[in-house]
Amino acid sequence: MNPATSAAEAMEGWELALLALARGEGGTALAGQARGAHAPGDLDAAFARCAAVTKEHSRTFYTATRLLPAEKRRAVRALYAFCRVADDIVDEPGEEREARLRQWGQAGTGAAPAGDDPVLQAWAATRDAYGIPAHFAGQLVDALADDLGHRGYDTFDELARYCYGVASTVGLMSMRIIGWSGDPSLYAIRLGVAMQLTNILRDVAEDWRNGRVYLPREDLERFGVTDDQIGAGRVDDRWRALMQFQVARARRLYTGARPGVGLLHRDGRLAVTAALELYSRILDEIERRDYDVFTGRASVPGWRRVALLPLVAWRAYRAKPPKGAEA
């Protein structure tokens, strides 16, 4: 049995389904190393706007991207800003959110002109420079649009599909900016699902206030947790057991994603490792709070982020491709 066959057999059903989505129309060919981005000078302000959006909304991600070379750094921040604006549209009040979101998606995939919006201008330049398949941005917008009529998820497989749309697609686009050899798609999918699941665990209370429960119904029933309990913010043994189960699931996904770092271009490994290690530590903070995600938002303190840097550097330096994959 060859390594590729072994890897495929080791995948769960939801992973196979999401890998098929990642290799959908317009994205079947892996281009390998990313092409260098050389945006004209009049785009500098547009890229600066994207950097500001990134810094404002995610200091963890902003810090991680500082470890990238300048061209790739601003390209990844343009990607983040495009996704961030799309997410913000979903959170706006009003009946026209889906129409606005679809318009943003049309411009983001190149089906409509970028116009004078600085984020769209920077993203269009990035998308063209790095040959990023349009279907990823389309999948992201579709997932956000579906969430406008949020009905929850019966199973983890359904939740994983949503996590793929809003998070794994970002990783699949990012890796085209960073550059790679072999095929890190499965690892990017796992990392995206892990990070979005981490968001869900951290933001249970905020999501409830917004009329959303993302935790799978099959898991809520298994551990005897009701919507009323979530609404009341009651932390008891049932809630702790549910959260322990979800935290363990997220950690397995982070562990399963880590080998993909070795397939990335060397100048991007440090940034991706930083994002993985820093984000996964949010789970530690949830545990430190005894799984009370109702009375405060779990976040990694600045001093702990700094303390993690030697580990991040060591793991990035030591990253090797998975067995059977090209270096």
# chains A, B, ... in the order shown; residues from 1 in each chain; ligands from 1
$ residues_around --residues "Asp236 (chain A)" --least-positions-apart "5" --cutoff "10 Å" --atoms "only C-alpha atoms" --output "list in words"
Val225, Gln229, Ala241, Asp290, Tyr291 and Asp292 of chain A
$ residues_around --residues "Leu276 (chain A)" --least-positions-apart "4" --cutoff "8 Å" --atoms "only C-alpha atoms" --output "number ranges by chain"
A: 191, 254, 258, 272, 280
$ write_last_selection --atoms "N, CA, C and O atoms" --output "compact mmCIF listing (two decimals), in the first residue's frame"
# COMPACT_ATOMS: atom_id res chain seq x y z
N LEU A 191 -6.94 22.69 9.62
CA LEU A 191 -6.62 23.87 10.42
C LEU A 191 -7.78 24.85 10.43
O LEU A 191 -8.11 25.43 11.47
N TYR A 254 -5.98 20.32 15.31
CA TYR A 254 -4.73 21.08 15.26
C TYR A 254 -3.54 20.13 15.07
O TYR A 254 -2.63 20.40 14.28
N ARG A 258 -0.90 20.06 11.76
CA ARG A 258 0.49 20.49 11.94
C ARG A 258 1.47 19.94 10.87
O ARG A 258 2.34 20.68 10.42
N VAL A 272 2.58 30.58 9.73
CA VAL A 272 1.50 29.60 9.86
C VAL A 272 1.61 28.87 11.19
O VAL A 272 0.61 28.62 11.87
N SER A 280 -4.53 27.83 18.97
CA SER A 280 -4.87 26.63 19.73
C SER A 280 -4.80 26.89 21.23
O SER A 280 -5.46 26.20 22.02
$ closest_residue --among "A:Gly24, A:Pro118, A:Gly224, A:Gly302" --to "Ala46 (chain A)" --atoms "only C-alpha atoms"
A:Pro118
$ atom_distance --atom1 "CA of Val300 (chain A)" --atom2 "CA of Ala248 (chain A)"
18.2 Å
$ closest_residue --among "A:Gly260, A:Pro301, A:Gly268, A:Pro93" --to "Leu148 (chain A)" --atoms "only C-alpha atoms"
A:Pro93
$ select_by_dssp --residues "region 120-314 of chain A" --states "helix (DSSP H, G or I)" --output "ChimeraX atom specification"
/A:120-130,134-148,156-178,185-202,204-209,217-223,227-232,237-263,266-288,302-314
$ closest_atom_pairs --of "region 132-200 of chain A" --to "region 17-20 of chain A" --cutoff "10 Å" --atoms "only C-alpha atoms" --output "CSV"
residue,atom,partner,partner_atom,distance
A:Asp157,CA,A:Ala17,CA,9.3
A:Ala160,CA,A:Leu18,CA,8.4
A:Arg161,CA,A:Leu18,CA,6.9
A:Tyr164,CA,A:Leu18,CA,7.1
A:Gly165,CA,A:Leu18,CA,9.3
A:Ser168,CA,A:Leu18,CA,9.2
A:Ser185,CA,A:Leu19,CA,7.2
A:Leu186,CA,A:Leu19,CA,6.4
A:Tyr187,CA,A:Leu19,CA,9.9
A:Ala188,CA,A:Leu19,CA,9.9
A:Ile189,CA,A:Leu18,CA,7.4
A:Arg190,CA,A:Leu18,CA,9.6
$ residues_around --residues "region 106-113 of chain A" --least-positions-apart "3" --cutoff "9 Å" --atoms "only C-alpha atoms" --output "PDB file with all heavy atoms, in the first residue's frame"
ATOM      1  N   PHE A  82     -10.653  41.193   2.915  1.00  0.00           N
ATOM      2  CA  PHE A  82     -11.781  40.818   2.052  1.00  0.00           C
ATOM      3  C   PHE A  82     -12.768  39.943   2.828  1.00  0.00           C
ATOM      4  O   PHE A  82     -13.988  40.167   2.801  1.00  0.00           O
ATOM      5  CB  PHE A  82     -11.289  40.072   0.812  1.00  0.00           C
ATOM      6  CG  PHE A  82     -12.384  39.363   0.070  1.00  0.00           C
ATOM      7  CD1 PHE A  82     -13.298  40.080  -0.685  1.00  0.00           C
ATOM      8  CD2 PHE A  82     -12.514  37.980   0.153  1.00  0.00           C
ATOM      9  CE1 PHE A  82     -14.340  39.430  -1.347  1.00  0.00           C
ATOM     10  CE2 PHE A  82     -13.545  37.333  -0.503  1.00  0.00           C
ATOM     11  CZ  PHE A  82     -14.459  38.050  -1.261  1.00  0.00           C
ATOM     12  N   LEU A 101     -23.991  41.125   0.408  1.00  0.00           N
ATOM     13  CA  LEU A 101     -22.989  40.068   0.505  1.00  0.00           C
ATOM     14  C   LEU A 101     -22.718  39.451  -0.868  1.00  0.00           C
ATOM     15  O   LEU A 101     -21.561  39.215  -1.235  1.00  0.00           O
ATOM     16  CB  LEU A 101     -23.468  39.000   1.487  1.00  0.00           C
ATOM     17  CG  LEU A 101     -22.517  37.825   1.747  1.00  0.00           C
ATOM     18  CD1 LEU A 101     -21.210  38.309   2.361  1.00  0.00           C
ATOM     19  CD2 LEU A 101     -23.193  36.809   2.668  1.00  0.00           C
ATOM     20  N   ARG A 102     -23.764  39.198  -1.619  1.00  0.00           N
ATOM     21  CA  ARG A 102     -23.595  38.617  -2.956  1.00  0.00           C
ATOM     22  C   ARG A 102     -22.848  39.578  -3.873  1.00  0.00           C
ATOM     23  O   ARG A 102     -22.016  39.156  -4.693  1.00  0.00           O
ATOM     24  CB  ARG A 102     -24.960  38.266  -3.548  1.00  0.00           C
ATOM     25  CG  ARG A 102     -25.704  37.156  -2.828  1.00  0.00           C
ATOM     26  CD  ARG A 102     -24.973  35.836  -2.883  1.00  0.00           C
ATOM     27  NE  ARG A 102     -25.750  34.749  -2.274  1.00  0.00           N
ATOM     28  CZ  ARG A 102     -25.292  33.516  -2.102  1.00  0.00           C
ATOM     29  NH1 ARG A 102     -24.056  33.202  -2.473  1.00  0.00           N
ATOM     30  NH2 ARG A 102     -26.044  32.601  -1.542  1.00  0.00           N
ATOM     31  N   GLN A 103     -23.126  40.864  -3.754  1.00  0.00           N
ATOM     32  CA  GLN A 103     -22.401  41.857  -4.553  1.00  0.00           C
ATOM     33  C   GLN A 103     -20.914  41.859  -4.195  1.00  0.00           C
ATOM     34  O   GLN A 103     -20.055  41.927  -5.068  1.00  0.00           O
ATOM     35  CB  GLN A 103     -23.000  43.251  -4.328  1.00  0.00           C
ATOM     36  CG  GLN A 103     -24.386  43.430  -4.925  1.00  0.00           C
ATOM     37  CD  GLN A 103     -25.028  44.743  -4.520  1.00  0.00           C
ATOM     38  OE1 GLN A 103     -24.459  45.528  -3.749  1.00  0.00           O
ATOM     39  NE2 GLN A 103     -26.235  44.988  -5.014  1.00  0.00           N
ATOM     40  N   LEU A 120     -11.268  45.766  -1.957  1.00  0.00           N
ATOM     41  CA  LEU A 120     -11.484  44.992  -3.181  1.00  0.00           C
ATOM     42  C   LEU A 120     -10.345  45.197  -4.180  1.00  0.00           C
ATOM     43  O   LEU A 120      -9.956  44.260  -4.892  1.00  0.00           O
ATOM     44  CB  LEU A 120     -12.818  45.366  -3.825  1.00  0.00           C
ATOM     45  CG  LEU A 120     -14.078  44.842  -3.121  1.00  0.00           C
ATOM     46  CD1 LEU A 120     -15.320  45.387  -3.794  1.00  0.00           C
ATOM     47  CD2 LEU A 120     -14.093  43.318  -3.101  1.00  0.00           C
ATOM     48  N   GLN A 121      -9.814  46.409  -4.253  1.00  0.00           N
ATOM     49  CA  GLN A 121      -8.691  46.665  -5.157  1.00  0.00           C
ATOM     50  C   GLN A 121      -7.465  45.851  -4.755  1.00  0.00           C
ATOM     51  O   GLN A 121      -6.818  45.217  -5.602  1.00  0.00           O
ATOM     52  CB  GLN A 121      -8.359  48.157  -5.158  1.00  0.00           C
ATOM     53  CG  GLN A 121      -9.400  49.030  -5.838  1.00  0.00           C
ATOM     54  CD  GLN A 121      -9.090  50.511  -5.689  1.00  0.00           C
ATOM     55  OE1 GLN A 121      -8.237  50.914  -4.898  1.00  0.00           O
ATOM     56  NE2 GLN A 121      -9.794  51.333  -6.449  1.00  0.00           N
ATOM     57  N   TRP A 123      -7.421  43.145  -2.893  1.00  0.00           N
ATOM     58  CA  TRP A 123      -7.714  41.725  -3.027  1.00  0.00           C
ATOM     59  C   TRP A 123      -7.666  41.285  -4.495  1.00  0.00           C
ATOM     60  O   TRP A 123      -7.157  40.212  -4.814  1.00  0.00           O
ATOM     61  CB  TRP A 123      -9.072  41.395  -2.406  1.00  0.00           C
ATOM     62  CG  TRP A 123      -9.562  40.016  -2.739  1.00  0.00           C
ATOM     63  CD1 TRP A 123     -10.736  39.676  -3.320  1.00  0.00           C
ATOM     64  CD2 TRP A 123      -8.874  38.773  -2.498  1.00  0.00           C
ATOM     65  NE1 TRP A 123     -10.840  38.319  -3.473  1.00  0.00           N
ATOM     66  CE2 TRP A 123      -9.700  37.737  -2.969  1.00  0.00           C
ATOM     67  CE3 TRP A 123      -7.641  38.454  -1.948  1.00  0.00           C
ATOM     68  CZ2 TRP A 123      -9.341  36.392  -2.903  1.00  0.00           C
ATOM     69  CZ3 TRP A 123      -7.268  37.105  -1.882  1.00  0.00           C
ATOM     70  CH2 TRP A 123      -8.109  36.096  -2.340  1.00  0.00           C
ATOM     71  N   ALA A 124      -8.184  42.113  -5.401  1.00  0.00           N
ATOM     72  CA  ALA A 124      -8.136  41.773  -6.830  1.00  0.00           C
ATOM     73  C   ALA A 124      -6.688  41.647  -7.299  1.00  0.00           C
ATOM     74  O   ALA A 124      -6.339  40.727  -8.049  1.00  0.00           O
ATOM     75  CB  ALA A 124      -8.877  42.823  -7.648  1.00  0.00           C
ATOM     76  N   ARG A 127      -5.358  38.368  -5.774  1.00  0.00           N
ATOM     77  CA  ARG A 127      -5.944  37.194  -6.423  1.00  0.00           C
ATOM     78  C   ARG A 127      -5.320  36.948  -7.795  1.00  0.00           C
ATOM     79  O   ARG A 127      -4.978  35.809  -8.152  1.00  0.00           O
ATOM     80  CB  ARG A 127      -7.455  37.414  -6.567  1.00  0.00           C
ATOM     81  CG  ARG A 127      -8.228  36.198  -7.041  1.00  0.00           C
ATOM     82  CD  ARG A 127      -9.691  36.554  -7.289  1.00  0.00           C
ATOM     83  NE  ARG A 127      -9.827  37.539  -8.358  1.00  0.00           N
ATOM     84  CZ  ARG A 127     -10.379  38.738  -8.201  1.00  0.00           C
ATOM     85  NH1 ARG A 127     -10.839  39.114  -7.032  1.00  0.00           N
ATOM     86  NH2 ARG A 127     -10.458  39.569  -9.223  1.00  0.00           N
ATOM     87  N   PRO A 133      -7.788  30.507  -7.217  1.00  0.00           N
ATOM     88  CA  PRO A 133      -9.042  30.110  -7.877  1.00  0.00           C
ATOM     89  C   PRO A 133     -10.248  30.826  -7.276  1.00  0.00           C
ATOM     90  O   PRO A 133     -10.377  30.947  -6.054  1.00  0.00           O
ATOM     91  CB  PRO A 133      -9.117  28.593  -7.616  1.00  0.00           C
ATOM     92  CG  PRO A 133      -7.695  28.170  -7.390  1.00  0.00           C
ATOM     93  CD  PRO A 133      -7.047  29.324  -6.691  1.00  0.00           C
ATOM     94  N   ALA A 134     -11.131  31.282  -8.138  1.00  0.00           N
ATOM     95  CA  ALA A 134     -12.277  32.080  -7.693  1.00  0.00           C
ATOM     96  C   ALA A 134     -13.252  31.278  -6.854  1.00  0.00           C
ATOM     97  O   ALA A 134     -13.978  31.842  -6.027  1.00  0.00           O
ATOM     98  CB  ALA A 134     -12.994  32.659  -8.908  1.00  0.00           C
ATOM     99  N   HIS A 135     -13.279  29.949  -7.010  1.00  0.00           N
ATOM    100  CA  HIS A 135     -14.318  29.191  -6.314  1.00  0.00           C
ATOM    101  C   HIS A 135     -14.147  29.215  -4.798  1.00  0.00           C
ATOM    102  O   HIS A 135     -15.116  29.034  -4.071  1.00  0.00           O
ATOM    103  CB  HIS A 135     -14.397  27.751  -6.837  1.00  0.00           C
ATOM    104  CG  HIS A 135     -13.305  26.838  -6.390  1.00  0.00           C
ATOM    105  ND1 HIS A 135     -12.084  26.793  -6.996  1.00  0.00           N
ATOM    106  CD2 HIS A 135     -13.266  25.917  -5.397  1.00  0.00           C
ATOM    107  CE1 HIS A 135     -11.337  25.868  -6.398  1.00  0.00           C
ATOM    108  NE2 HIS A 135     -12.023  25.331  -5.423  1.00  0.00           N
ATOM    109  N   PHE A 136     -12.939  29.488  -4.305  1.00  0.00           N
ATOM    110  CA  PHE A 136     -12.761  29.551  -2.856  1.00  0.00           C
ATOM    111  C   PHE A 136     -13.500  30.762  -2.262  1.00  0.00           C
ATOM    112  O   PHE A 136     -14.192  30.644  -1.249  1.00  0.00           O
ATOM    113  CB  PHE A 136     -11.279  29.609  -2.485  1.00  0.00           C
ATOM    114  CG  PHE A 136     -10.538  28.330  -2.753  1.00  0.00           C
ATOM    115  CD1 PHE A 136      -9.351  28.334  -3.466  1.00  0.00           C
ATOM    116  CD2 PHE A 136     -11.030  27.118  -2.298  1.00  0.00           C
ATOM    117  CE1 PHE A 136      -8.668  27.151  -3.715  1.00  0.00           C
ATOM    118  CE2 PHE A 136     -10.355  25.929  -2.543  1.00  0.00           C
ATOM    119  CZ  PHE A 136      -9.167  25.940  -3.252  1.00  0.00           C
ATOM    120  N   ALA A 137     -13.331  31.919  -2.884  1.00  0.00           N
ATOM    121  CA  ALA A 137     -14.051  33.102  -2.408  1.00  0.00           C
ATOM    122  C   ALA A 137     -15.556  32.909  -2.555  1.00  0.00           C
ATOM    123  O   ALA A 137     -16.334  33.342  -1.699  1.00  0.00           O
ATOM    124  CB  ALA A 137     -13.590  34.347  -3.170  1.00  0.00           C
ATOM    125  N   GLY A 138     -15.964  32.227  -3.622  1.00  0.00           N
ATOM    126  CA  GLY A 138     -17.378  31.937  -3.804  1.00  0.00           C
ATOM    127  C   GLY A 138     -17.929  31.033  -2.716  1.00  0.00           C
ATOM    128  O   GLY A 138     -19.038  31.237  -2.212  1.00  0.00           O
TER     129      GLY A 138
END
$ residues_around --residues "Leu144 (chain A)" --least-positions-apart "4" --cutoff "9 Å" --atoms "only C-alpha atoms" --output "list in words"
Ala86, Asp87, Val90, Glu98, Leu101, Gln139, Leu140, Leu148, Tyr162, Gly165 and Val166 of chain A
$ write_last_selection --atoms "N, CA, C and O atoms" --output "mmCIF file, in the first residue's frame"
data_model
loop_
_atom_site.group_PDB
_atom_site.id
_atom_site.type_symbol
_atom_site.label_atom_id
_atom_site.label_comp_id
_atom_site.auth_asym_id
_atom_site.auth_seq_id
_atom_site.Cartn_x
_atom_site.Cartn_y
_atom_site.Cartn_z
ATOM 1 N N ALA A 86 -16.732 40.821 4.385
ATOM 2 C CA ALA A 86 -17.849 39.919 4.097
ATOM 3 C C ALA A 86 -18.533 39.494 5.395
ATOM 4 O O ALA A 86 -19.769 39.484 5.494
ATOM 5 N N ASP A 87 -17.740 39.167 6.399
ATOM 6 C CA ASP A 87 -18.282 38.752 7.693
ATOM 7 C C ASP A 87 -19.029 39.895 8.361
ATOM 8 O O ASP A 87 -20.077 39.689 8.996
ATOM 9 N N VAL A 90 -22.573 40.364 7.123
ATOM 10 C CA VAL A 90 -23.509 39.411 7.729
ATOM 11 C C VAL A 90 -24.037 39.933 9.059
ATOM 12 O O VAL A 90 -25.209 39.731 9.410
ATOM 13 N N GLU A 98 -28.070 40.023 2.400
ATOM 14 C CA GLU A 98 -27.676 38.981 1.450
ATOM 15 C C GLU A 98 -27.339 39.588 0.093
ATOM 16 O O GLU A 98 -26.375 39.169 -0.557
ATOM 17 N N LEU A 101 -23.991 41.125 0.408
ATOM 18 C CA LEU A 101 -22.989 40.068 0.505
ATOM 19 C C LEU A 101 -22.718 39.451 -0.868
ATOM 20 O O LEU A 101 -21.561 39.215 -1.235
ATOM 21 N N GLN A 139 -17.146 30.017 -2.325
ATOM 22 C CA GLN A 139 -17.576 29.113 -1.258
ATOM 23 C C GLN A 139 -17.678 29.837 0.079
ATOM 24 O O GLN A 139 -18.576 29.563 0.881
ATOM 25 N N LEU A 140 -16.759 30.755 0.320
ATOM 26 C CA LEU A 140 -16.796 31.540 1.547
ATOM 27 C C LEU A 140 -18.080 32.355 1.622
ATOM 28 O O LEU A 140 -18.791 32.351 2.642
ATOM 29 N N LEU A 148 -26.986 33.450 7.220
ATOM 30 C CA LEU A 148 -27.982 34.501 7.456
ATOM 31 C C LEU A 148 -29.309 33.891 7.903
ATOM 32 O O LEU A 148 -30.045 34.490 8.682
ATOM 33 N N TYR A 162 -19.759 23.945 7.253
ATOM 34 C CA TYR A 162 -19.821 25.388 7.487
ATOM 35 C C TYR A 162 -18.430 25.933 7.815
ATOM 36 O O TYR A 162 -18.030 26.979 7.281
ATOM 37 N N GLY A 165 -16.385 26.400 4.805
ATOM 38 C CA GLY A 165 -16.761 27.548 3.999
ATOM 39 C C GLY A 165 -16.237 28.861 4.538
ATOM 40 O O GLY A 165 -15.758 29.708 3.771
ATOM 41 N N VAL A 166 -16.297 29.046 5.861
ATOM 42 C CA VAL A 166 -15.927 30.343 6.431
ATOM 43 C C VAL A 166 -14.471 30.415 6.879
ATOM 44 O O VAL A 166 -13.974 31.511 7.154
#
$ residues_around --residues "His57 (chain A)" --least-positions-apart "3" --cutoff "10 Å" --atoms "only C-alpha atoms" --output "ChimeraX atom specification"
/A:52-54,60-62,80-81,84
$ residues_around --residues "region 312-317 of chain A" --least-positions-apart "6" --cutoff "10 Å" --atoms "only C-alpha atoms" --output "NGL selection string"
:A and (258 or 261-262 or 266-278 or 305-306)
$ write_last_selection --atoms "N, CA and C atoms" --output "short mmCIF file (atom, residue, chain, number, x, y, z; two decimals), in the first residue's frame"
data_model
loop_
_atom_site.label_atom_id
_atom_site.label_comp_id
_atom_site.auth_asym_id
_atom_site.auth_seq_id
_atom_site.Cartn_x
_atom_site.Cartn_y
_atom_site.Cartn_z
N ARG A 258 -0.90 20.06 11.76
CA ARG A 258 0.49 20.49 11.94
C ARG A 258 1.47 19.94 10.87
N VAL A 261 2.52 22.03 7.67
CA VAL A 261 3.46 23.15 7.69
C VAL A 261 4.72 22.79 6.91
N GLY A 262 5.12 21.53 6.98
CA GLY A 262 6.33 21.10 6.28
C GLY A 262 6.22 21.11 4.77
N ARG A 266 9.40 27.76 2.87
CA ARG A 266 10.07 28.00 4.15
C ARG A 266 9.79 29.39 4.72
N ASP A 267 9.65 30.39 3.86
CA ASP A 267 9.46 31.74 4.40
C ASP A 267 8.05 31.96 4.95
N GLY A 268 7.16 30.97 4.81
CA GLY A 268 5.83 31.09 5.36
C GLY A 268 5.56 30.18 6.55
N ARG A 269 6.49 29.29 6.83
CA ARG A 269 6.25 28.31 7.90
C ARG A 269 6.14 28.94 9.27
N LEU A 270 6.93 29.95 9.54
CA LEU A 270 6.91 30.58 10.85
C LEU A 270 5.57 31.24 11.12
N ALA A 271 5.04 31.94 10.13
CA ALA A 271 3.77 32.64 10.30
C ALA A 271 2.62 31.65 10.51
N VAL A 272 2.58 30.58 9.73
CA VAL A 272 1.50 29.60 9.86
C VAL A 272 1.61 28.87 11.19
N THR A 273 2.83 28.52 11.58
CA THR A 273 3.03 27.87 12.87
C THR A 273 2.58 28.79 14.01
N ALA A 274 2.89 30.07 13.90
CA ALA A 274 2.47 31.03 14.93
C ALA A 274 0.95 31.08 15.02
N ALA A 275 0.28 31.14 13.87
CA ALA A 275 -1.19 31.18 13.88
C ALA A 275 -1.76 29.92 14.53
N LEU A 276 -1.21 28.77 14.16
CA LEU A 276 -1.69 27.50 14.70
C LEU A 276 -1.48 27.42 16.21
N GLU A 277 -0.26 27.71 16.64
CA GLU A 277 0.06 27.56 18.07
C GLU A 277 -0.66 28.60 18.93
N LEU A 278 -0.72 29.84 18.47
CA LEU A 278 -1.36 30.89 19.26
C LEU A 278 -2.87 30.65 19.34
N ARG A 305 1.70 34.97 24.77
CA ARG A 305 2.04 34.92 23.35
C ARG A 305 3.54 35.06 23.16
N VAL A 306 4.13 36.00 23.89
CA VAL A 306 5.58 36.19 23.79
C VAL A 306 6.31 34.95 24.27
#
$ closest_residue --among "A:Thr169, A:Thr65, A:Gln196, A:Ser181" --to "Asp142 (chain A)" --atoms "only C-alpha atoms"
A:Thr169
